[in-house]
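Colleague: My structure is stored as data19.cif, with mmCIF, N, CA and C atoms and all ligand atoms.
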data_upload
#
loop_
_atom_site.label_atom_id
_atom_site.label_comp_id
_atom_site.auth_asym_id
_atom_site.auth_seq_id
_atom_site.Cartn_x
_atom_site.Cartn_y
_atom_site.Cartn_z
N MET U 272 216.42 122.34 84.16
CA MET U 272 217.06 121.26 84.90
C MET U 272 217.06 119.99 84.08
N GLU U 273 218.16 119.26 84.18
CA GLU U 273 218.27 117.97 83.51
C GLU U 273 218.53 116.89 84.55
N VAL U 274 218.21 115.66 84.22
CA VAL U 274 218.60 114.52 85.04
C VAL U 274 219.71 113.80 84.30
N PRO U 275 220.93 113.72 84.88
CA PRO U 275 222.05 113.08 84.19
C PRO U 275 221.74 111.64 83.82
N ALA U 276 222.21 111.21 82.63
CA ALA U 276 221.92 109.88 82.15
C ALA U 276 222.77 108.81 82.84
N ASP U 277 223.93 109.18 83.34
CA ASP U 277 224.85 108.20 83.91
C ASP U 277 225.34 108.67 85.29
N PRO U 278 224.43 108.73 86.27
CA PRO U 278 224.83 109.24 87.59
C PRO U 278 225.66 108.22 88.36
N PRO U 279 226.53 108.66 89.28
CA PRO U 279 227.33 107.74 90.10
C PRO U 279 226.46 107.08 91.16
N ASP U 280 226.97 105.98 91.76
CA ASP U 280 226.24 105.27 92.80
C ASP U 280 226.17 106.06 94.10
N ALA U 281 227.21 106.82 94.38
CA ALA U 281 227.26 107.62 95.61
C ALA U 281 227.63 109.05 95.26
N CYS U 282 227.31 109.94 96.15
CA CYS U 282 227.65 111.35 95.96
C CYS U 282 229.18 111.50 95.89
N PRO U 283 229.73 112.14 94.84
CA PRO U 283 231.19 112.29 94.73
C PRO U 283 231.76 113.31 95.71
N VAL U 284 230.92 114.08 96.34
CA VAL U 284 231.39 115.11 97.28
C VAL U 284 231.55 114.51 98.68
N CYS U 285 230.48 113.86 99.20
CA CYS U 285 230.53 113.34 100.58
C CYS U 285 230.54 111.81 100.60
N ASP U 286 230.47 111.17 99.42
CA ASP U 286 230.57 109.72 99.31
C ASP U 286 229.43 108.98 100.02
N ARG U 287 228.28 109.60 100.10
CA ARG U 287 227.12 108.99 100.74
C ARG U 287 226.01 108.76 99.73
N ALA U 288 225.04 107.94 100.14
CA ALA U 288 223.87 107.72 99.30
C ALA U 288 223.12 109.04 99.11
N TYR U 289 222.47 109.18 97.97
CA TYR U 289 221.66 110.36 97.71
C TYR U 289 220.33 109.93 97.12
N ASP U 290 219.37 110.83 97.19
CA ASP U 290 218.01 110.52 96.74
C ASP U 290 217.83 110.80 95.26
N SER U 291 218.40 111.90 94.78
CA SER U 291 218.25 112.27 93.38
C SER U 291 219.40 113.17 92.98
N VAL U 292 219.61 113.28 91.67
CA VAL U 292 220.67 114.14 91.14
C VAL U 292 220.10 114.91 89.96
N SER U 293 220.50 116.18 89.84
CA SER U 293 220.06 117.01 88.72
C SER U 293 221.25 117.82 88.21
N ALA U 294 221.20 118.22 86.95
CA ALA U 294 222.27 119.00 86.32
C ALA U 294 221.73 120.37 85.93
N HIS U 295 222.55 121.40 86.16
CA HIS U 295 222.11 122.77 85.91
C HIS U 295 223.20 123.54 85.18
N ASP U 296 222.81 124.40 84.25
CA ASP U 296 223.77 125.26 83.56
C ASP U 296 223.42 126.74 83.73
N ALA U 297 222.53 127.02 84.69
CA ALA U 297 222.16 128.40 84.99
C ALA U 297 221.96 128.51 86.49
N GLY U 298 222.00 129.72 86.99
CA GLY U 298 221.88 129.93 88.42
C GLY U 298 220.51 129.57 88.94
N ILE U 299 220.46 129.01 90.14
CA ILE U 299 219.21 128.73 90.82
C ILE U 299 219.37 129.10 92.29
N MET U 300 218.27 129.23 92.99
CA MET U 300 218.29 129.51 94.42
C MET U 300 217.99 128.22 95.17
N VAL U 301 218.76 127.96 96.24
CA VAL U 301 218.56 126.76 97.05
C VAL U 301 218.27 127.20 98.48
N ASN U 302 217.15 126.78 99.01
CA ASN U 302 216.78 127.05 100.40
C ASN U 302 216.31 125.76 101.03
N LEU U 303 217.12 125.20 101.93
CA LEU U 303 216.75 123.93 102.57
C LEU U 303 216.31 124.14 104.01
N LEU U 304 216.20 125.38 104.45
CA LEU U 304 215.86 125.62 105.85
C LEU U 304 214.53 125.00 106.24
N ASP U 305 213.56 125.07 105.34
CA ASP U 305 212.23 124.58 105.66
C ASP U 305 211.85 123.38 104.80
N ASN U 306 212.86 122.70 104.24
CA ASN U 306 212.58 121.61 103.32
C ASN U 306 212.27 120.34 104.11
N GLN U 307 211.09 119.75 103.87
CA GLN U 307 210.68 118.56 104.60
C GLN U 307 211.41 117.32 104.10
N ARG U 308 211.83 117.33 102.85
CA ARG U 308 212.38 116.11 102.24
C ARG U 308 213.90 116.06 102.29
N TYR U 309 214.56 117.15 101.96
CA TYR U 309 216.01 117.14 101.85
C TYR U 309 216.67 117.98 102.94
N GLN U 310 217.79 117.45 103.45
CA GLN U 310 218.56 118.19 104.45
C GLN U 310 219.79 118.85 103.83
N ARG U 311 220.37 118.20 102.81
CA ARG U 311 221.63 118.70 102.25
C ARG U 311 221.65 118.48 100.74
N VAL U 312 222.29 119.39 100.06
CA VAL U 312 222.57 119.22 98.63
C VAL U 312 224.06 119.45 98.44
N CYS U 313 224.75 118.50 97.82
CA CYS U 313 226.16 118.67 97.46
C CYS U 313 226.23 119.08 96.00
N PHE U 314 227.18 119.93 95.65
CA PHE U 314 227.31 120.45 94.30
C PHE U 314 228.65 120.02 93.72
N GLU U 315 228.63 119.52 92.49
CA GLU U 315 229.89 119.17 91.83
C GLU U 315 229.91 119.74 90.41
N PRO U 316 230.90 120.57 90.09
CA PRO U 316 231.02 121.05 88.72
C PRO U 316 231.45 119.93 87.79
N ARG U 317 230.87 119.88 86.60
CA ARG U 317 231.16 118.80 85.65
C ARG U 317 231.85 119.38 84.41
N PRO U 318 232.65 118.55 83.73
CA PRO U 318 233.39 119.06 82.57
C PRO U 318 232.50 119.55 81.44
N GLU U 319 231.27 119.08 81.36
CA GLU U 319 230.37 119.54 80.30
C GLU U 319 229.68 120.86 80.67
N GLU U 320 230.32 121.61 81.58
CA GLU U 320 229.82 122.92 82.00
C GLU U 320 228.44 122.84 82.64
N ARG U 321 228.24 121.76 83.39
CA ARG U 321 227.03 121.62 84.18
C ARG U 321 227.44 121.53 85.64
N LEU U 322 226.54 121.93 86.51
CA LEU U 322 226.72 121.74 87.94
C LEU U 322 225.73 120.67 88.37
N TRP U 323 226.26 119.58 88.94
CA TRP U 323 225.37 118.50 89.39
C TRP U 323 225.01 118.72 90.84
N PHE U 324 223.74 118.53 91.15
CA PHE U 324 223.21 118.69 92.50
C PHE U 324 222.84 117.32 93.04
N PHE U 325 223.45 116.91 94.15
CA PHE U 325 223.13 115.63 94.79
C PHE U 325 222.28 115.91 96.01
N HIS U 326 221.05 115.43 95.99
CA HIS U 326 220.07 115.74 97.04
C HIS U 326 220.05 114.63 98.08
N HIS U 327 220.34 114.98 99.34
CA HIS U 327 220.35 114.02 100.45
C HIS U 327 219.13 114.26 101.33
N THR U 328 218.40 113.18 101.62
CA THR U 328 217.27 113.29 102.54
C THR U 328 217.79 113.51 103.95
N HIS U 329 216.90 113.83 104.86
CA HIS U 329 217.27 114.01 106.26
C HIS U 329 217.88 112.72 106.81
N ALA U 330 217.30 111.57 106.46
CA ALA U 330 217.83 110.29 106.95
C ALA U 330 219.23 110.04 106.42
N GLN U 331 219.43 110.27 105.14
CA GLN U 331 220.76 110.05 104.55
C GLN U 331 221.79 110.99 105.17
N ALA U 332 221.44 112.23 105.38
CA ALA U 332 222.37 113.20 105.95
C ALA U 332 222.64 112.89 107.42
N THR U 333 221.62 112.44 108.14
CA THR U 333 221.80 112.11 109.55
C THR U 333 222.72 110.92 109.71
N VAL U 334 222.55 109.89 108.87
CA VAL U 334 223.44 108.74 108.91
C VAL U 334 224.87 109.17 108.61
N ALA U 335 225.03 110.03 107.61
CA ALA U 335 226.37 110.50 107.24
C ALA U 335 227.01 111.24 108.41
N ASP U 336 226.26 112.09 109.09
CA ASP U 336 226.82 112.85 110.20
C ASP U 336 227.18 111.93 111.36
N ALA U 337 226.34 110.92 111.64
CA ALA U 337 226.61 109.99 112.74
C ALA U 337 227.86 109.17 112.44
N GLU U 338 227.98 108.69 111.20
CA GLU U 338 229.16 107.91 110.83
C GLU U 338 230.42 108.76 110.90
N ARG U 339 230.31 110.00 110.49
CA ARG U 339 231.47 110.88 110.50
C ARG U 339 231.93 111.12 111.95
N ALA U 340 230.96 111.25 112.88
CA ALA U 340 231.31 111.48 114.28
C ALA U 340 232.02 110.28 114.88
N ASP U 341 231.64 109.07 114.42
CA ASP U 341 232.22 107.84 114.97
C ASP U 341 233.44 107.38 114.17
N GLY U 342 233.75 108.02 113.10
CA GLY U 342 234.84 107.60 112.24
C GLY U 342 234.31 106.72 111.13
N PRO U 343 235.15 106.43 110.15
CA PRO U 343 234.70 105.65 109.00
C PRO U 343 234.33 104.21 109.37
N THR U 344 233.34 103.66 108.68
CA THR U 344 232.96 102.27 108.91
C THR U 344 233.78 101.38 107.98
N THR U 345 233.78 100.10 108.25
CA THR U 345 234.58 99.18 107.46
C THR U 345 233.76 98.43 106.41
N ASP U 346 232.47 98.68 106.32
CA ASP U 346 231.64 97.94 105.35
C ASP U 346 231.53 98.61 104.03
ZN ZN O 401 226.86 114.61 99.18
#
Taking this structure as input, can you express it in the form of structure tokens?
Ligand SMILES: [Zn+2]
Modeller:
Amino acid sequence: MEVPADPPDACPVCDRAYDSVSAHDAGIMVNLLDNQRYQRVCFEPRPEERLWFFHHTHAQATVADAERADGPTTD
């Protein structure tokens, strides 16, 4: 696993804040069912043949789901 040197400010998949980002060039297993820290991971393929993983905490994912239910905010 690598940590990208120039990560974006927000997740490019769901456009929300994320806790951490990692880059992978080999298969890994992801199980968030019992994860205390993270609720969601978004995956984005990168041109350098890496897959970036954006890790969202439960709070970040809950805020995203609530905002999505109410529609986009203006801030
Ligand atoms: Zn995301």
Colleague: What residues have any atom no more than 6.5 Å from ligand ZN 401 (chain O) when counting only N, CA and C atoms and all ligand atoms, and can you list them as a PyMOL selection string?
Modeller: chain U and resi 282-287+312-314+325
Colleague: As a list of chain:residue names, please: every residue in chain U that a backbone DSSP assignment puts in alpha helix (DSSP H).
Modeller: U:His329, U:Ala330, U:Gln331, U:Ala332, U:Thr333, U:Val334, U:Ala335, U:Asp336, U:Ala337, U:Glu338, U:Arg339, U:Ala340, U:Asp341
Colleague: Could you jot down the CA of Ala332 in chain U to CA of Gln310 in chain U separation for me, Å, one decimal place?
Modeller: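 That distance, rounded to one decimal, is 6.5 Å.
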Colleague: Could you state the separation of CA of Thr328 in chain U and CA of Tyr289 in chain U in Å, given to one decimal place?
Modeller: 7.2 Å
Colleague: If you run DSSP over the backbone, which residues in chain U end up strand (DSSP E)? Put them as number ranges by chain.
Modeller: U: 291-295, 309-317, 321-328
Colleague: Write the selection just made, keeping N, CA and C atoms, as a PDB file, in the coordinates of the input?
Modeller:
ATOM      1  N   SER U 291     218.400 111.900  94.780  1.00  0.00           N
ATOM      2  CA  SER U 291     218.250 112.270  93.380  1.00  0.00           C
ATOM      3  C   SER U 291     219.400 113.170  92.980  1.00  0.00           C
ATOM      4  N   VAL U 292     219.610 113.280  91.670  1.00  0.00           N
ATOM      5  CA  VAL U 292     220.670 114.140  91.140  1.00  0.00           C
ATOM      6  C   VAL U 292     220.100 114.910  89.960  1.00  0.00           C
ATOM      7  N   SER U 293     220.500 116.180  89.840  1.00  0.00           N
ATOM      8  CA  SER U 293     220.060 117.010  88.720  1.00  0.00           C
ATOM      9  C   SER U 293     221.250 117.820  88.210  1.00  0.00           C
ATOM     10  N   ALA U 294     221.200 118.220  86.950  1.00  0.00           N
ATOM     11  CA  ALA U 294     222.270 119.000  86.320  1.00  0.00           C
ATOM     12  C   ALA U 294     221.730 120.370  85.930  1.00  0.00           C
ATOM     13  N   HIS U 295     222.550 121.400  86.160  1.00  0.00           N
ATOM     14  CA  HIS U 295     222.110 122.770  85.910  1.00  0.00           C
ATOM     15  C   HIS U 295     223.200 123.540  85.180  1.00  0.00           C
ATOM     16  N   TYR U 309     214.560 117.150 101.960  1.00  0.00           N
ATOM     17  CA  TYR U 309     216.010 117.140 101.850  1.00  0.00           C
ATOM     18  C   TYR U 309     216.670 117.980 102.940  1.00  0.00           C
ATOM     19  N   GLN U 310     217.790 117.450 103.450  1.00  0.00           N
ATOM     20  CA  GLN U 310     218.560 118.190 104.450  1.00  0.00           C
ATOM     21  C   GLN U 310     219.790 118.850 103.830  1.00  0.00           C
ATOM     22  N   ARG U 311     220.370 118.200 102.810  1.00  0.00           N
ATOM     23  CA  ARG U 311     221.630 118.700 102.250  1.00  0.00           C
ATOM     24  C   ARG U 311     221.650 118.480 100.740  1.00  0.00           C
ATOM     25  N   VAL U 312     222.290 119.390 100.060  1.00  0.00           N
ATOM     26  CA  VAL U 312     222.570 119.220  98.630  1.00  0.00           C
ATOM     27  C   VAL U 312     224.060 119.450  98.440  1.00  0.00           C
ATOM     28  N   CYS U 313     224.750 118.500  97.820  1.00  0.00           N
ATOM     29  CA  CYS U 313     226.160 118.670  97.460  1.00  0.00           C
ATOM     30  C   CYS U 313     226.230 119.080  96.000  1.00  0.00           C
ATOM     31  N   PHE U 314     227.180 119.930  95.650  1.00  0.00           N
ATOM     32  CA  PHE U 314     227.310 120.450  94.300  1.00  0.00           C
ATOM     33  C   PHE U 314     228.650 120.020  93.720  1.00  0.00           C
ATOM     34  N   GLU U 315     228.630 119.520  92.490  1.00  0.00           N
ATOM     35  CA  GLU U 315     229.890 119.170  91.830  1.00  0.00           C
ATOM     36  C   GLU U 315     229.910 119.740  90.410  1.00  0.00           C
ATOM     37  N   PRO U 316     230.900 120.570  90.090  1.00  0.00           N
ATOM     38  CA  PRO U 316     231.020 121.050  88.720  1.00  0.00           C
ATOM     39  C   PRO U 316     231.450 119.930  87.790  1.00  0.00           C
ATOM     40  N   ARG U 317     230.870 119.880  86.600  1.00  0.00           N
ATOM     41  CA  ARG U 317     231.160 118.800  85.650  1.00  0.00           C
ATOM     42  C   ARG U 317     231.850 119.380  84.410  1.00  0.00           C
ATOM     43  N   ARG U 321     228.240 121.760  83.390  1.00  0.00           N
ATOM     44  CA  ARG U 321     227.030 121.620  84.180  1.00  0.00           C
ATOM     45  C   ARG U 321     227.440 121.530  85.640  1.00  0.00           C
ATOM     46  N   LEU U 322     226.540 121.930  86.510  1.00  0.00           N
ATOM     47  CA  LEU U 322     226.720 121.740  87.940  1.00  0.00           C
ATOM     48  C   LEU U 322     225.730 120.670  88.370  1.00  0.00           C
ATOM     49  N   TRP U 323     226.260 119.580  88.940  1.00  0.00           N
ATOM     50  CA  TRP U 323     225.370 118.500  89.390  1.00  0.00           C
ATOM     51  C   TRP U 323     225.010 118.720  90.840  1.00  0.00           C
ATOM     52  N   PHE U 324     223.740 118.530  91.150  1.00  0.00           N
ATOM     53  CA  PHE U 324     223.210 118.690  92.500  1.00  0.00           C
ATOM     54  C   PHE U 324     222.840 117.320  93.040  1.00  0.00           C
ATOM     55  N   PHE U 325     223.450 116.910  94.150  1.00  0.00           N
ATOM     56  CA  PHE U 325     223.130 115.630  94.790  1.00  0.00           C
ATOM     57  C   PHE U 325     222.280 115.910  96.010  1.00  0.00           C
ATOM     58  N   HIS U 326     221.050 115.430  95.990  1.00  0.00           N
ATOM     59  CA  HIS U 326     220.070 115.740  97.040  1.00  0.00           C
ATOM     60  C   HIS U 326     220.050 114.630  98.080  1.00  0.00           C
ATOM     61  N   HIS U 327     220.340 114.980  99.340  1.00  0.00           N
ATOM     62  CA  HIS U 327     220.350 114.020 100.450  1.00  0.00           C
ATOM     63  C   HIS U 327     219.130 114.260 101.330  1.00  0.00           C
ATOM     64  N   THR U 328     218.400 113.180 101.620  1.00  0.00           N
ATOM     65  CA  THR U 328     217.270 113.290 102.540  1.00  0.00           C
ATOM     66  C   THR U 328     217.790 113.510 103.950  1.00  0.00           C
TER      67      THR U 328
END
Colleague: Work out how far apart atom N of Ser291 in chain U and atom C of Asp305 in chain U are and give it in Å to one decimal.
Modeller: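 For atom N of Ser291 in chain U relative to atom C of Asp305 in chain U, the distance reads 16.6 Å.
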Colleague: Met272 in chain U: which residues within 6.5 Å, counting all atoms listed in the file, same-chain residues fewer than 5 positions away excluded, as a ChimeraX atom specification?
Modeller: /U:293-295
Colleague: May I ask which of the residues U:Ile299, U:Arg311, U:Asp280, U:Val292 is the closest one to His329 in chain U, counting all atoms listed in the file?
Modeller: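 Looking at the shortest contact to His329 in chain U, the residue is U:Arg311.
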Colleague: Which residues come within 6.5 Å of Glu315 in chain U, counting all atoms listed in the file, excluding same-chain residues fewer than 6 positions away, as an mmCIF file with N, CA and C atoms, in the coordinates of the input?
Modeller:
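Contents of part_16.cif, as written:
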data_model
loop_
_atom_site.group_PDB
_atom_site.id
_atom_site.type_symbol
_atom_site.label_atom_id
_atom_site.label_comp_id
_atom_site.auth_asym_id
_atom_site.auth_seq_id
_atom_site.Cartn_x
_atom_site.Cartn_y
_atom_site.Cartn_z
ATOM 1 N N ARG U 321 228.240 121.760 83.390
ATOM 2 C CA ARG U 321 227.030 121.620 84.180
ATOM 3 C C ARG U 321 227.440 121.530 85.640
ATOM 4 N N LEU U 322 226.540 121.930 86.510
ATOM 5 C CA LEU U 322 226.720 121.740 87.940
ATOM 6 C C LEU U 322 225.730 120.670 88.370
ATOM 7 N N TRP U 323 226.260 119.580 88.940
ATOM 8 C CA TRP U 323 225.370 118.500 89.390
ATOM 9 C C TRP U 323 225.010 118.720 90.840
ATOM 10 N N PHE U 324 223.740 118.530 91.150
ATOM 11 C CA PHE U 324 223.210 118.690 92.500
ATOM 12 C C PHE U 324 222.840 117.320 93.040
ATOM 13 N N PHE U 325 223.450 116.910 94.150
ATOM 14 C CA PHE U 325 223.130 115.630 94.790
ATOM 15 C C PHE U 325 222.280 115.910 96.010
#
Colleague: Could you check the closest approach to Thr333 in chain U for each of U:Ala281, U:Leu303, U:Ala288, U:Ala276 and tell me which residue wins, using only C-alpha atoms?
Modeller: U:Ala288
Colleague: Work out where the centre of an axis-aligned box around every listed atom of range 274-281 of chain U lies and how long its edges are once 4 Å is added on each side; give both in Å to one decimal as JSON.
Modeller:
{"center_x": 222.9, "center_y": 110.5, "center_z": 88.9, "size_x": 17.4, "size_y": 18.4, "size_z": 21.5}
